[in-house]
>>> print(open('query-v1.cif').read())   # mmCIF, C-alpha atoms and all ligand atoms
data_data
#
loop_
_atom_site.label_atom_id
_atom_site.label_comp_id
_atom_site.auth_asym_id
_atom_site.auth_seq_id
_atom_site.Cartn_x
_atom_site.Cartn_y
_atom_site.Cartn_z
CA MET A 1 66.24 91.07 81.79
CA GLY A 2 63.14 91.95 83.86
CA LYS A 3 63.71 93.95 87.02
CA PHE A 4 62.00 91.29 89.12
CA LEU A 5 64.09 88.47 87.64
CA LEU A 6 67.27 90.49 88.10
CA SER A 7 66.60 91.16 91.78
CA PHE A 8 65.60 87.52 92.23
CA LEU A 9 68.92 86.41 90.75
CA PHE A 10 70.82 88.92 92.87
CA ALA A 11 69.11 87.50 95.95
CA LEU A 12 70.26 84.01 94.99
CA ILE A 13 73.88 84.97 94.53
CA SER A 14 76.06 85.75 97.50
CA ASN A 15 78.12 88.90 97.09
CA ALA A 16 76.08 89.71 93.97
CA GLY A 17 77.11 93.32 94.48
CA ASP A 18 80.41 92.19 92.96
CA LEU A 19 78.70 92.08 89.56
CA GLN A 20 77.79 95.77 89.76
CA LYS A 21 81.47 96.72 89.51
CA THR A 22 82.49 94.60 86.51
CA PRO A 23 83.72 96.10 83.24
CA PRO A 24 81.02 95.95 80.54
CA ALA A 25 80.36 92.61 78.82
CA PHE A 26 81.60 92.72 75.21
CA VAL A 27 81.25 90.98 71.87
CA ASN A 28 84.31 89.49 70.21
CA GLY A 29 83.68 87.68 66.92
CA ASP A 30 80.36 85.91 67.36
CA LYS A 31 80.65 85.57 71.14
CA LYS A 32 79.38 87.72 73.96
CA PHE A 33 81.92 87.54 76.79
CA ILE A 34 80.67 88.17 80.31
CA PHE A 35 82.35 88.88 83.63
CA VAL A 36 81.35 86.57 86.45
CA ASP A 37 81.12 86.46 90.23
CA PHE A 38 83.45 83.91 91.82
CA GLU A 39 81.87 82.54 95.00
CA LYS A 40 84.57 80.12 96.05
CA ALA A 41 87.92 79.00 94.67
CA GLU A 42 89.76 75.96 95.96
CA TYR A 43 93.37 75.85 94.79
CA ASN A 44 95.07 72.48 95.09
CA ILE A 45 98.74 73.30 94.71
CA ALA A 46 101.19 70.40 94.44
CA PHE A 47 104.91 71.11 94.61
CA ASP A 48 107.00 68.09 93.59
CA ILE A 49 110.64 68.12 94.72
CA THR A 50 111.58 65.15 92.49
CA THR A 51 110.28 66.53 89.20
CA GLN A 52 110.71 70.19 90.28
CA LYS A 53 107.31 70.88 88.73
CA THR A 54 104.27 72.54 90.30
CA MET A 55 100.70 71.90 89.21
CA VAL A 56 97.57 73.68 90.33
CA HIS A 57 94.15 72.10 90.14
CA SER A 58 91.53 74.79 90.77
CA VAL A 59 87.87 74.24 91.50
CA ILE A 60 85.94 77.48 91.12
CA ARG A 61 82.25 77.99 91.74
CA PHE A 62 80.97 81.12 90.02
CA ALA A 63 77.67 82.82 89.23
CA THR A 64 76.45 84.82 86.25
CA ILE A 65 73.32 86.92 85.89
CA GLU A 66 73.21 86.81 82.09
CA ASN A 67 73.85 84.27 79.35
CA GLY A 68 77.27 84.44 77.74
CA PHE A 69 80.81 83.12 77.44
CA PRO A 70 82.44 83.44 80.88
CA LEU A 71 85.75 85.26 81.44
CA PHE A 72 88.33 84.69 84.16
CA ASP A 73 92.09 85.20 84.17
CA SER A 74 95.22 83.10 84.31
CA VAL A 75 98.53 84.31 82.92
CA HIS A 76 99.68 80.72 82.46
CA ALA A 77 97.40 78.99 79.96
CA PRO A 78 95.22 76.17 81.31
CA THR A 79 96.25 72.69 80.20
CA LYS A 80 92.82 71.19 80.88
CA SER A 81 89.44 72.73 81.75
CA PHE A 82 86.04 71.38 82.70
CA LEU A 83 82.85 73.41 83.02
CA ASP A 84 79.96 71.80 84.89
CA GLY A 85 81.70 68.44 84.41
CA GLU A 86 82.26 68.75 80.63
CA VAL A 87 85.59 69.33 78.90
CA VAL A 88 85.81 72.89 77.56
CA GLN A 89 88.37 74.80 75.55
CA THR A 90 89.77 78.13 76.77
CA ALA A 91 91.59 80.88 74.88
CA GLY A 92 93.07 84.32 75.46
CA VAL A 93 90.66 87.21 74.81
CA ILE A 94 91.66 90.86 74.45
CA ASP A 95 89.29 93.58 75.69
CA PRO A 96 87.67 95.96 73.17
CA THR A 97 90.08 98.80 74.06
CA ASN A 98 93.26 96.69 73.90
CA GLN A 99 94.16 97.39 77.52
CA THR A 100 94.38 93.87 78.85
CA ALA A 101 93.60 90.22 78.26
CA TYR A 102 91.59 87.49 79.95
CA ILE A 103 90.90 83.80 79.50
CA GLY A 104 87.57 83.10 77.82
CA ILE A 105 85.70 79.82 78.17
CA ASN A 106 84.54 78.60 74.78
CA LYS A 107 81.09 77.64 75.98
CA MET A 108 77.91 79.67 76.36
CA VAL A 109 76.41 79.35 79.81
CA PRO A 110 72.97 80.38 81.05
CA ALA A 111 72.59 82.73 84.03
CA GLY A 112 73.09 80.82 87.25
CA THR A 113 75.80 79.02 89.18
CA HIS A 114 78.53 76.96 87.49
CA VAL A 115 81.61 74.99 88.46
CA LEU A 116 84.87 75.43 86.60
CA GLU A 117 87.80 73.06 87.06
CA VAL A 118 91.15 74.15 85.65
CA ASP A 119 94.64 72.68 85.57
CA THR A 120 97.49 75.17 85.25
CA PRO A 121 101.23 74.90 85.71
CA LEU A 122 102.71 77.23 88.35
CA LEU A 123 105.67 78.69 86.47
CA THR A 124 106.27 81.98 88.30
CA GLY A 125 107.40 82.56 91.87
CA VAL A 126 108.78 79.07 92.50
CA LYS A 127 112.33 77.97 93.27
CA TYR A 128 113.33 74.37 94.02
CA ASP A 129 116.47 72.97 95.54
CA ALA A 130 117.36 69.40 96.48
CA THR A 131 115.55 69.45 99.81
CA GLY A 132 112.68 71.86 99.51
CA VAL A 133 110.90 74.60 97.62
CA ARG A 134 110.30 78.31 97.97
CA SER A 135 107.21 79.97 96.54
CA GLY A 136 105.94 83.54 96.74
CA PHE A 137 102.88 85.05 95.07
CA PHE A 138 104.35 88.55 94.78
CA MET A 139 102.20 91.17 93.03
CA SER A 140 102.08 94.59 91.40
CA ASP A 141 99.25 97.00 90.54
CA LEU A 142 101.42 99.03 88.18
CA ASP A 143 101.80 96.31 85.56
CA ASP A 144 99.00 94.42 83.90
CA ARG A 145 97.91 90.96 85.11
CA GLN A 146 100.24 90.85 88.12
CA PHE A 147 97.80 89.95 90.88
CA LEU A 148 96.77 86.40 91.80
CA GLU A 149 96.17 85.57 88.10
CA LEU A 150 99.96 85.50 87.64
CA TYR A 151 100.01 82.36 89.79
CA VAL A 152 96.59 80.66 89.78
CA PRO A 153 93.27 81.17 87.92
CA ALA A 154 91.60 84.21 89.44
CA ASN A 155 89.07 86.95 88.89
CA LEU A 156 89.51 90.71 88.58
CA GLU A 157 89.78 93.13 91.50
CA TYR A 158 86.04 93.85 91.66
CA ASP A 159 85.33 90.36 92.97
CA GLN A 160 85.47 89.20 96.59
CA PHE A 161 85.44 85.44 97.01
CA GLN A 162 86.37 82.70 99.43
CA MET A 163 89.83 81.34 98.65
CA VAL A 164 91.24 78.11 100.07
CA PHE A 165 94.74 76.85 99.23
CA ASN A 166 95.42 73.13 99.73
CA VAL A 167 99.20 72.93 99.55
CA THR A 168 101.29 69.76 99.33
CA VAL A 169 105.06 69.44 99.02
CA LYS A 170 105.85 65.97 97.69
CA GLY A 171 109.21 64.38 98.37
CA ALA A 172 110.45 67.12 100.71
CA VAL A 173 113.24 66.35 103.14
CA THR A 174 112.82 69.56 105.10
CA GLU A 175 109.84 71.07 106.87
CA HIS A 176 108.31 74.20 105.36
CA GLU A 177 106.75 77.30 106.86
CA PHE A 178 104.36 79.99 105.67
CA PHE A 179 104.24 83.74 105.86
CA THR A 180 100.70 84.67 104.94
CA ASN A 181 97.63 86.75 105.77
CA GLY A 182 95.46 83.63 105.74
CA MET A 183 94.75 80.98 108.40
CA VAL A 184 97.20 78.08 108.10
CA LYS A 185 96.10 74.61 109.20
CA ASN A 186 98.63 71.80 109.24
CA ILE A 187 96.92 68.72 107.75
CA SER A 188 99.84 66.29 107.85
CA ASN A 189 103.57 66.27 107.14
CA ASN A 190 104.17 68.87 104.38
CA GLN A 191 100.46 69.29 103.74
CA TRP A 192 98.48 72.38 104.72
CA GLN A 193 95.21 74.18 104.19
CA ILE A 194 95.25 77.98 104.08
CA THR A 195 91.93 79.79 104.28
CA TYR A 196 91.64 83.48 103.43
CA PRO A 197 88.85 85.83 104.56
CA SER A 198 85.92 85.82 102.10
CA ARG A 199 86.20 89.61 101.82
CA TYR A 200 89.51 89.21 99.96
CA VAL A 201 90.00 89.90 96.25
CA SER A 202 92.79 88.86 93.87
CA SER A 203 95.12 91.63 95.09
CA SER A 204 94.67 90.83 98.80
CA ILE A 205 96.51 87.52 99.18
CA TYR A 206 99.94 87.35 100.78
CA PHE A 207 101.51 83.92 100.30
CA HIS A 208 105.16 83.04 100.88
CA MET A 209 106.42 79.54 101.64
CA ALA A 210 110.00 78.52 102.37
CA PRO A 211 111.95 75.73 104.05
CA LYS A 212 111.81 76.23 107.79
CA GLY A 213 114.67 78.36 109.04
CA ALA A 214 115.36 80.08 105.69
CA PHE A 215 114.45 83.41 107.30
CA ARG A 216 115.05 85.09 110.61
CA VAL A 217 111.72 85.83 112.27
CA ILE A 218 110.63 88.26 114.98
CA SER A 219 107.15 87.73 116.46
CA ASP A 220 105.43 90.51 118.36
CA ARG A 221 101.96 91.70 119.31
CA PHE A 222 100.70 95.27 118.87
CA LYS A 223 97.85 96.51 121.00
CA SER A 224 95.14 98.09 118.87
CA VAL A 225 93.16 101.13 120.04
CA ASP A 226 90.08 98.88 120.02
CA GLY A 227 91.71 96.50 122.53
CA ARG A 228 92.66 93.68 120.12
CA SER A 229 96.11 92.17 120.32
CA ILE A 230 97.38 92.11 116.72
CA SER A 231 99.84 89.37 115.84
CA VAL A 232 102.94 90.81 114.14
CA THR A 233 105.56 88.90 112.15
CA VAL A 234 108.70 90.57 110.83
CA TYR A 235 110.97 88.33 108.77
CA GLY A 236 113.92 88.55 106.43
CA ILE A 237 117.53 87.61 105.95
CA GLY A 238 119.07 90.91 107.06
CA SER A 239 120.24 91.82 110.53
CA ASP A 240 118.00 94.89 110.88
CA LEU A 241 114.68 93.21 111.64
CA GLN A 242 114.44 95.10 114.93
CA ASN A 243 114.54 98.41 113.06
CA PHE A 244 111.52 97.26 111.05
CA GLN A 245 109.75 96.14 114.22
CA PHE A 246 110.43 99.48 115.92
CA LYS A 247 109.33 101.57 112.95
CA ALA A 248 106.28 99.37 112.34
CA LYS A 249 105.04 100.05 115.88
CA LYS A 250 105.47 103.79 115.38
CA VAL A 251 103.61 103.75 112.05
CA PHE A 252 100.93 101.41 113.44
CA ASP A 253 100.19 103.86 116.27
CA GLU A 254 100.22 106.84 113.90
CA LEU A 255 97.82 105.18 111.44
CA GLU A 256 95.45 104.01 114.17
CA MET A 257 95.42 107.53 115.61
CA ASP A 258 94.54 109.01 112.21
CA TYR A 259 92.36 106.30 110.65
CA GLY A 260 91.05 104.17 113.51
CA PRO A 261 91.63 100.52 114.49
CA TRP A 262 93.91 98.37 112.30
CA LEU A 263 91.61 96.79 109.70
CA HIS A 264 93.29 93.38 109.63
CA ASN A 265 93.79 90.46 112.01
CA SER A 266 97.56 90.50 111.72
CA LEU A 267 100.56 92.37 110.33
CA THR A 268 103.22 90.55 108.30
CA ILE A 269 106.33 92.40 107.17
CA TYR A 270 108.89 90.86 104.86
CA ALA A 271 112.01 92.99 105.29
CA GLY A 272 113.05 92.03 101.79
CA PRO A 273 116.09 92.83 99.66
CA ILE A 274 113.95 95.23 97.61
CA ASP A 275 113.80 98.86 96.47
CA GLY A 276 110.46 100.29 97.64
CA GLY A 277 107.76 97.76 98.38
CA MET A 278 104.37 96.24 97.72
CA GLU A 279 101.24 96.14 99.82
CA TYR A 280 98.82 93.34 100.72
CA CYS A 281 95.99 93.08 103.28
CA GLY A 282 97.80 93.49 106.59
CA ALA A 283 101.10 92.56 104.95
CA THR A 284 103.95 94.06 102.94
CA ILE A 285 107.27 93.28 101.31
CA THR A 286 109.27 96.43 101.81
CA ASN A 287 112.52 98.15 102.59
CA LEU A 288 112.71 100.23 105.76
CA TRP A 289 112.26 103.54 103.94
CA ALA A 290 108.97 102.52 102.26
CA LEU A 291 107.51 100.75 105.33
CA GLY A 292 105.22 103.65 106.33
CA HIS A 293 103.87 104.05 102.80
CA GLU A 294 103.17 100.33 102.49
CA MET A 295 101.49 100.10 105.91
CA ALA A 296 99.28 103.08 104.99
CA HIS A 297 98.10 100.95 102.06
CA SER A 298 96.64 98.49 104.58
CA TYR A 299 94.01 101.23 105.08
CA PHE A 300 93.88 102.63 101.54
CA ALA A 301 94.34 100.01 98.78
CA ARG A 302 94.01 96.85 100.85
CA GLY A 303 91.37 98.21 103.26
CA PHE A 304 89.37 100.72 101.25
CA MET A 305 89.91 98.88 97.95
CA PRO A 306 89.86 100.06 94.34
CA ALA A 307 87.50 98.09 92.05
CA ASN A 308 89.53 98.67 88.87
CA GLY A 309 92.33 100.67 87.22
CA ASN A 310 90.27 103.86 87.09
CA SER A 311 89.99 103.82 90.88
CA GLY A 312 93.57 102.75 91.66
CA TRP A 313 94.76 106.39 91.77
CA MET A 314 92.92 107.01 95.05
CA ASP A 315 95.10 104.87 97.29
CA GLU A 316 98.41 106.04 95.81
CA ALA A 317 97.27 109.67 96.00
CA ILE A 318 96.24 109.27 99.66
CA ALA A 319 99.42 107.36 100.63
CA SER A 320 101.55 109.97 98.82
CA TRP A 321 99.68 112.81 100.57
CA ARG A 322 100.68 111.16 103.86
CA ASP A 323 104.29 110.72 102.64
CA ASN A 324 104.36 114.45 101.83
CA GLY A 325 103.33 115.35 105.39
CA TYR A 326 99.65 116.13 104.68
CA PRO A 327 100.01 119.51 102.89
CA GLN A 328 96.96 121.57 102.02
CA GLN A 329 96.59 123.15 98.59
CA SER A 330 94.19 126.08 98.07
CA SER A 331 94.03 125.84 94.28
CA LEU A 332 93.71 122.95 91.88
CA THR A 333 96.72 122.96 89.58
CA ASP A 334 96.48 119.75 87.54
CA HIS A 335 94.16 118.44 84.87
CA THR A 336 94.15 114.67 84.48
CA ASP A 337 91.89 111.88 83.23
CA MET A 338 93.40 109.22 85.49
CA ALA A 339 89.94 108.08 86.69
CA ASN A 340 88.30 108.26 83.28
CA GLN A 341 90.21 105.86 81.06
CA SER A 342 89.11 102.55 79.56
CA PRO A 343 86.71 100.66 81.86
CA TYR A 344 88.90 97.62 81.15
CA LEU A 345 92.07 99.25 82.58
CA ARG A 346 93.45 97.21 85.49
CA ILE A 347 96.56 99.16 86.51
CA THR A 348 97.05 102.34 88.51
CA ASP A 349 97.93 105.52 86.64
CA TYR A 350 101.39 106.82 87.65
CA ARG A 351 100.03 110.39 87.89
CA ALA A 352 98.41 109.32 91.19
CA TYR A 353 101.65 109.98 93.11
CA ASN A 354 102.06 113.63 92.09
CA ALA A 355 98.96 115.17 90.46
CA GLY A 356 96.81 112.78 92.51
CA ALA A 357 98.48 113.72 95.80
CA ARG A 358 98.02 117.44 94.95
CA PHE A 359 94.33 116.79 94.17
CA ILE A 360 93.92 115.14 97.58
CA ALA A 361 95.69 118.13 99.19
CA HIS A 362 93.12 120.38 97.49
CA LEU A 363 90.22 118.19 98.67
CA ASP A 364 91.61 118.62 102.20
CA TYR A 365 91.50 122.40 101.72
CA LEU A 366 87.87 122.16 100.56
CA SER A 367 86.97 119.93 103.53
CA GLN A 368 88.60 121.99 106.29
CA ALA A 369 85.32 123.51 107.55
CA ASN A 370 84.02 119.98 108.18
CA GLY A 371 87.05 118.64 110.03
CA GLY A 372 89.40 118.04 107.10
CA LEU A 373 90.04 115.16 104.76
CA LYS A 374 91.77 112.97 107.37
CA LEU A 375 88.53 112.82 109.36
CA PHE A 376 86.65 111.86 106.18
CA LEU A 377 89.27 109.19 105.37
CA LYS A 378 89.00 107.75 108.88
CA ASN A 379 85.24 107.29 108.42
CA LEU A 380 85.84 105.92 104.94
CA ALA A 381 88.38 103.33 106.13
CA GLN A 382 86.28 102.24 109.10
CA THR A 383 82.92 102.00 107.28
CA HIS A 384 83.68 101.31 103.60
CA SER A 385 86.67 98.98 103.65
CA PHE A 386 86.55 95.59 101.90
CA ASP A 387 83.94 96.77 99.43
CA PRO A 388 85.65 97.39 96.05
CA ALA A 389 84.99 101.03 95.16
CA PHE A 390 84.94 103.30 92.12
CA THR A 391 86.15 106.90 92.11
CA GLN A 392 82.45 107.87 91.89
CA ASP A 393 81.78 106.13 95.23
CA PHE A 394 84.61 108.10 96.87
CA GLN A 395 83.33 111.33 95.31
CA GLY A 396 79.74 110.68 96.45
CA LEU A 397 80.80 109.98 100.03
CA LEU A 398 83.06 113.05 100.16
CA GLU A 399 80.24 115.23 98.76
CA SER A 400 77.92 113.93 101.52
CA PHE A 401 80.61 114.65 104.12
CA ASN A 402 80.96 118.22 102.88
CA GLY A 403 77.32 118.78 101.94
CA LYS A 404 78.26 120.18 98.53
CA SER A 405 78.97 119.09 94.98
CA LEU A 406 82.61 118.55 94.03
CA GLN A 407 81.81 117.71 90.41
CA ASN A 408 83.86 120.56 88.93
CA GLU A 409 86.90 119.63 91.02
CA PHE A 410 86.67 115.92 90.12
CA ASN A 411 86.12 116.85 86.46
CA GLN A 412 89.35 118.82 86.41
CA GLY A 413 91.42 116.68 88.77
CA VAL A 414 90.63 113.15 87.66
CA TYR A 415 87.93 112.89 84.97
CA GLY A 416 89.79 115.03 82.45
CA TYR A 417 86.86 117.03 81.09
CA ALA A 418 88.82 120.26 80.87
CA GLY A 419 91.98 119.09 79.13
CA ASN A 420 94.51 116.49 80.16
CA ASP A 421 98.02 116.38 81.48
CA LYS A 422 100.01 113.80 79.58
CA PRO A 423 100.30 110.42 81.28
CA THR A 424 103.70 110.01 82.89
CA LYS A 425 105.97 107.01 82.51
CA ARG A 426 107.78 107.96 85.71
CA ARG A 427 107.23 105.38 88.43
CA SER A 428 107.17 106.16 92.10
CA PRO A 429 110.28 105.11 94.03
CA PHE A 430 107.88 103.41 96.44
CA HIS A 431 106.94 100.88 93.78
CA PRO A 432 109.79 100.50 91.27
CA LYS A 433 109.54 97.89 88.55
CA LEU A 434 111.20 94.66 89.64
CA THR A 435 112.76 92.26 87.15
CA GLN A 436 111.90 88.58 87.34
CA LYS A 437 115.41 88.01 88.72
CA GLN A 438 114.81 90.53 91.51
CA LEU A 439 111.46 88.89 92.29
CA ASP A 440 113.11 85.45 92.33
CA ASN A 441 115.76 86.79 94.72
CA LEU A 442 112.96 87.58 97.16
CA LEU A 443 111.92 83.93 97.32
ZN ZN B 501 101.93 102.95 97.03
#
>>> encode(input="query-v1.cif", output="structure tokens", more="lines below")
Ligand SMILES: [Zn+2]
Amino acid sequence: MGKFLLSFLFALISNAGDLQKTPPAFVNGDKKFIFVDFEKAEYNIAFDITTQKTMVHSVIRFATIENGFPLFDSVHAPTKSFLDGEVVQTAGVIDPTNQTAYIGINKMVPAGTHVLEVDTPLLTGVKYDATGVRSGFFMSDLDDRQFLELYVPANLEYDQFQMVFNVTVKGAVTEHEFFTNGMVKNISNNQWQITYPSRYVSSSIYFHMAPKGAFRVISDRFKSVDGRSISVTVYGIGSDLQNFQFKAKKVFDELEMDYGPWLHNSLTIYAGPIDGGMEYCGATITNLWALGHEMAHSYFARGFMPANGNSGWMDEAIASWRDNGYPQQSSLTDHTDMANQSPYLRITDYRAYNAGARFIAHLDYLSQANGGLKLFLKNLAQTHSFDPAFTQDFQGLLESFNGKSLQNEFNQGVYGYAGNDKPTKRRSPFHPKLTQKQLDNLL
């Protein structure tokens, strides 16, 4: 495509930068599959107490800058799909390196803007009883296809798009309430609209709905160093919510001191019956022990965001470096390729917690003459958050900060050019694998 035409198309598409971070398009059979830029997704989610079934009708406007067969993702197969008003077939597609799978639309589209309508059943994260329903879109970045695509049709982590949930609970006797990092608007009895910031990606959303009164709730406000009053919600079924509230304030102050003003409009903490935790934008499900780690992820992971699996190591390495008490390491001891695996990889490499944290400790040593890595990370969080990043972006910014090349260090520590440590299967205790039963218990 001509340079002029390409820049013209980029100018037409909002957030076109999203398409610069996609995995490469690929050919499968006689089709060229392309990654797309979601602009807006409207999710009409209907919970039905009588049938105990949940259907999602999604209307997604997306843009492409080349001709091809569009890809998106939905773990639960669509039952009906329309593209630009015409019925289309969809099917699972595996990437060329067998890392992951997507849903491919069986229709070639020209470059431009298109509208996809998809019906999918919501089969995960829902629990009905006679009077109401509980639903939670709980996620993981350590297992494949466990972000928003586990619940509704979504795009990959590189893509920021406007998400609106229109939620209805049909036949409910009880009122329902939401714990979320979006803006909830009550439309009518048991009908709501939740709007999320357009900077969000598929791993950002926190969504938990339950019959009113199912959880104990503490509401608070934390004063940010920039003067904002941040709305805080701590909820759960246990009796120790105040311990979470107290620790959250301590961690909030610590993180603001180190990394600048809280990056989100609110803080939601589900003091869940869980080992470890999981992070969202300004939200977490966590036990008390992991609370600090998960809140740190509101700066690194759900503030400064990874664009794919090859960049996921950064946030776990930084959060682990904090957990370890910010040690400095004068020599680089590990060789890994955790940032240089398949471009289709979507999950974080487990080596991030140990070898990754030691690499960060070494980068701190190398940055000490310029104020240390924490100063760099503060600038990074405050100026590069909500812009999905590659490891190369992080490297480039750190090299500018230090005024010197760090290519050799990155080659050894994360790109694996000088021999690799074996990937580990050992998970961090901060993010243990949860069974479906454990996830359902959180509802
Ligand atoms: Zn973590």
>>> residues_around(input="query-v1.cif", residues="segment 324-330 of chain A", least_positions_apart="4", cutoff="10 Å", atoms="only C-alpha atoms", output="list in words")
Ile318, Ala319, Ser320, Ala357, Arg358, Phe359, Ile360, Ala361, His362, Leu363, Asp364, Tyr365, Leu366, Gln368, Gly372, Leu373 and Lys374 of chain A
>>> write_last_selection(input="query-v1.cif", atoms="C-alpha atoms", output="compact mmCIF listing (two decimals), in the frame of the given file")
# COMPACT_ATOMS: atom_id res chain seq x y z
CA ILE A 318 96.24 109.27 99.66
CA ALA A 319 99.42 107.36 100.63
CA SER A 320 101.55 109.97 98.82
CA ALA A 357 98.48 113.72 95.80
CA ARG A 358 98.02 117.44 94.95
CA PHE A 359 94.33 116.79 94.17
CA ILE A 360 93.92 115.14 97.58
CA ALA A 361 95.69 118.13 99.19
CA HIS A 362 93.12 120.38 97.49
CA LEU A 363 90.22 118.19 98.67
CA ASP A 364 91.61 118.62 102.20
CA TYR A 365 91.50 122.40 101.72
CA LEU A 366 87.87 122.16 100.56
CA GLN A 368 88.60 121.99 106.29
CA GLY A 372 89.40 118.04 107.10
CA LEU A 373 90.04 115.16 104.76
CA LYS A 374 91.77 112.97 107.37
>>> atom_distance(input="query-v1.cif", atom1="atom CA of Val414 of chain A", atom2="atom CA of Gly356 of chain A")
7.9 Å
>>> residues_near_ligand(input="query-v1.cif", ligand="ligand ZN 501 (chain B)", cutoff="8 Å", atoms="only C-alpha atoms and all ligand atoms", output="tab-separated table (two decimals) with C-alpha atoms, in the coordinates of the input")
chain	number	residue	atom	x	y	z
A	277	GLY	CA	107.76	97.76	98.38
A	278	MET	CA	104.37	96.24	97.72
A	279	GLU	CA	101.24	96.14	99.82
A	293	HIS	CA	103.87	104.05	102.80
A	294	GLU	CA	103.17	100.33	102.49
A	297	HIS	CA	98.10	100.95	102.06
A	315	ASP	CA	95.10	104.87	97.29
A	316	GLU	CA	98.41	106.04	95.81
A	319	ALA	CA	99.42	107.36	100.63
A	320	SER	CA	101.55	109.97	98.82
A	428	SER	CA	107.17	106.16	92.10
A	430	PHE	CA	107.88	103.41	96.44
A	431	HIS	CA	106.94	100.88	93.78
>>> residues_around(input="query-v1.cif", residues="segment 253-256 of chain A", least_positions_apart="2", cutoff="12 Å", atoms="all atoms listed in the file", output="ChimeraX atom specification")
/A:222-227,246-251,258-264,292-300,319,322,374,377-378,381-382
>>> atom_distance(input="query-v1.cif", atom1="atom CA of Thr336 of chain A", atom2="atom CA of Asn308 of chain A")
17.2 Å
>>> closest_residue(input="query-v1.cif", among="A:Phe82, A:Tyr417, A:Tyr43, A:Trp313", to="Ile194 of chain A", atoms="all atoms listed in the file")
A:Tyr43
>>> residues_around(input="query-v1.cif", residues="Pro343 of chain A", least_positions_apart="4", cutoff="8 Å", atoms="all atoms listed in the file", output="PDB file with C-alpha atoms, keeping the file's coordinate frame")
ATOM      1  CA  PRO A  23      83.720  96.100  83.240  1.00  0.00           C
ATOM      2  CA  PRO A  24      81.020  95.950  80.540  1.00  0.00           C
ATOM      3  CA  ASN A 308      89.530  98.670  88.870  1.00  0.00           C
ATOM      4  CA  GLY A 309      92.330 100.670  87.220  1.00  0.00           C
ATOM      5  CA  ASN A 310      90.270 103.860  87.090  1.00  0.00           C
TER       6      ASN A 310
END
>>> closest_residue(input="query-v1.cif", among="A:Ala339, A:Val169, A:Leu439, A:Leu150", to="Phe410 of chain A", atoms="all atoms listed in the file")
A:Ala339
>>> closest_residue(input="query-v1.cif", among="A:Val201, A:Val56, A:Leu156, A:Ala214", to="Phe179 of chain A", atoms="all atoms listed in the file")
A:Ala214
>>> atom_distance(input="query-v1.cif", atom1="atom CA of Met209 of chain A", atom2="atom CA of Phe304 of chain A")
27.2 Å
>>> closest_residue(input="query-v1.cif", among="A:Ser331, A:Thr79, A:Gln436, A:Asn106", to="Ala91 of chain A", atoms="all atoms listed in the file")
A:Asn106
>>> closest_residue(input="query-v1.cif", among="A:Ala101, A:Leu380, A:Ile187, A:Val118", to="Tyr344 of chain A", atoms="all atoms listed in the file")
A:Ala101
>>> closest_residue(input="query-v1.cif", among="A:Pro197, A:Gly104, A:Gly132, A:Pro110", to="Val164 of chain A", atoms="only C-alpha atoms")
A:Pro197
>>> residues_near_point(input="query-v1.cif", point="(88.6, 97.5, 99.3)", cutoff="8 Å", atoms="all atoms listed in the file", output="PyMOL selection string")
chain A and resi 300-307+384-389
>>> residues_around(input="query-v1.cif", residues="Glu86 of chain A", least_positions_apart="3", cutoff="12 Å", atoms="all atoms listed in the file", output="number ranges by chain")
A: 80-83, 89, 105-107, 114-118
>>> residues_around(input="query-v1.cif", residues="Thr131 of chain A", least_positions_apart="3", cutoff="12 Å", atoms="all atoms listed in the file", output="list of chain:residue names")
A:Phe47, A:Asp48, A:Ile49, A:Thr50, A:Gln52, A:Lys127, A:Tyr128, A:Arg134, A:Val169, A:Lys170, A:Gly171, A:Ala172, A:Val173, A:Thr174, A:Glu175, A:His176, A:Ala210, A:Pro211, A:Lys212
>>> write_last_selection(input="query-v1.cif", atoms="C-alpha atoms", output="mmCIF file, keeping the file's coordinate frame")
data_model
loop_
_atom_site.group_PDB
_atom_site.id
_atom_site.type_symbol
_atom_site.label_atom_id
_atom_site.label_comp_id
_atom_site.auth_asym_id
_atom_site.auth_seq_id
_atom_site.Cartn_x
_atom_site.Cartn_y
_atom_site.Cartn_z
ATOM 1 C CA PHE A 47 104.910 71.110 94.610
ATOM 2 C CA ASP A 48 107.000 68.090 93.590
ATOM 3 C CA ILE A 49 110.640 68.120 94.720
ATOM 4 C CA THR A 50 111.580 65.150 92.490
ATOM 5 C CA GLN A 52 110.710 70.190 90.280
ATOM 6 C CA LYS A 127 112.330 77.970 93.270
ATOM 7 C CA TYR A 128 113.330 74.370 94.020
ATOM 8 C CA ARG A 134 110.300 78.310 97.970
ATOM 9 C CA VAL A 169 105.060 69.440 99.020
ATOM 10 C CA LYS A 170 105.850 65.970 97.690
ATOM 11 C CA GLY A 171 109.210 64.380 98.370
ATOM 12 C CA ALA A 172 110.450 67.120 100.710
ATOM 13 C CA VAL A 173 113.240 66.350 103.140
ATOM 14 C CA THR A 174 112.820 69.560 105.100
ATOM 15 C CA GLU A 175 109.840 71.070 106.870
ATOM 16 C CA HIS A 176 108.310 74.200 105.360
ATOM 17 C CA ALA A 210 110.000 78.520 102.370
ATOM 18 C CA PRO A 211 111.950 75.730 104.050
ATOM 19 C CA LYS A 212 111.810 76.230 107.790
#
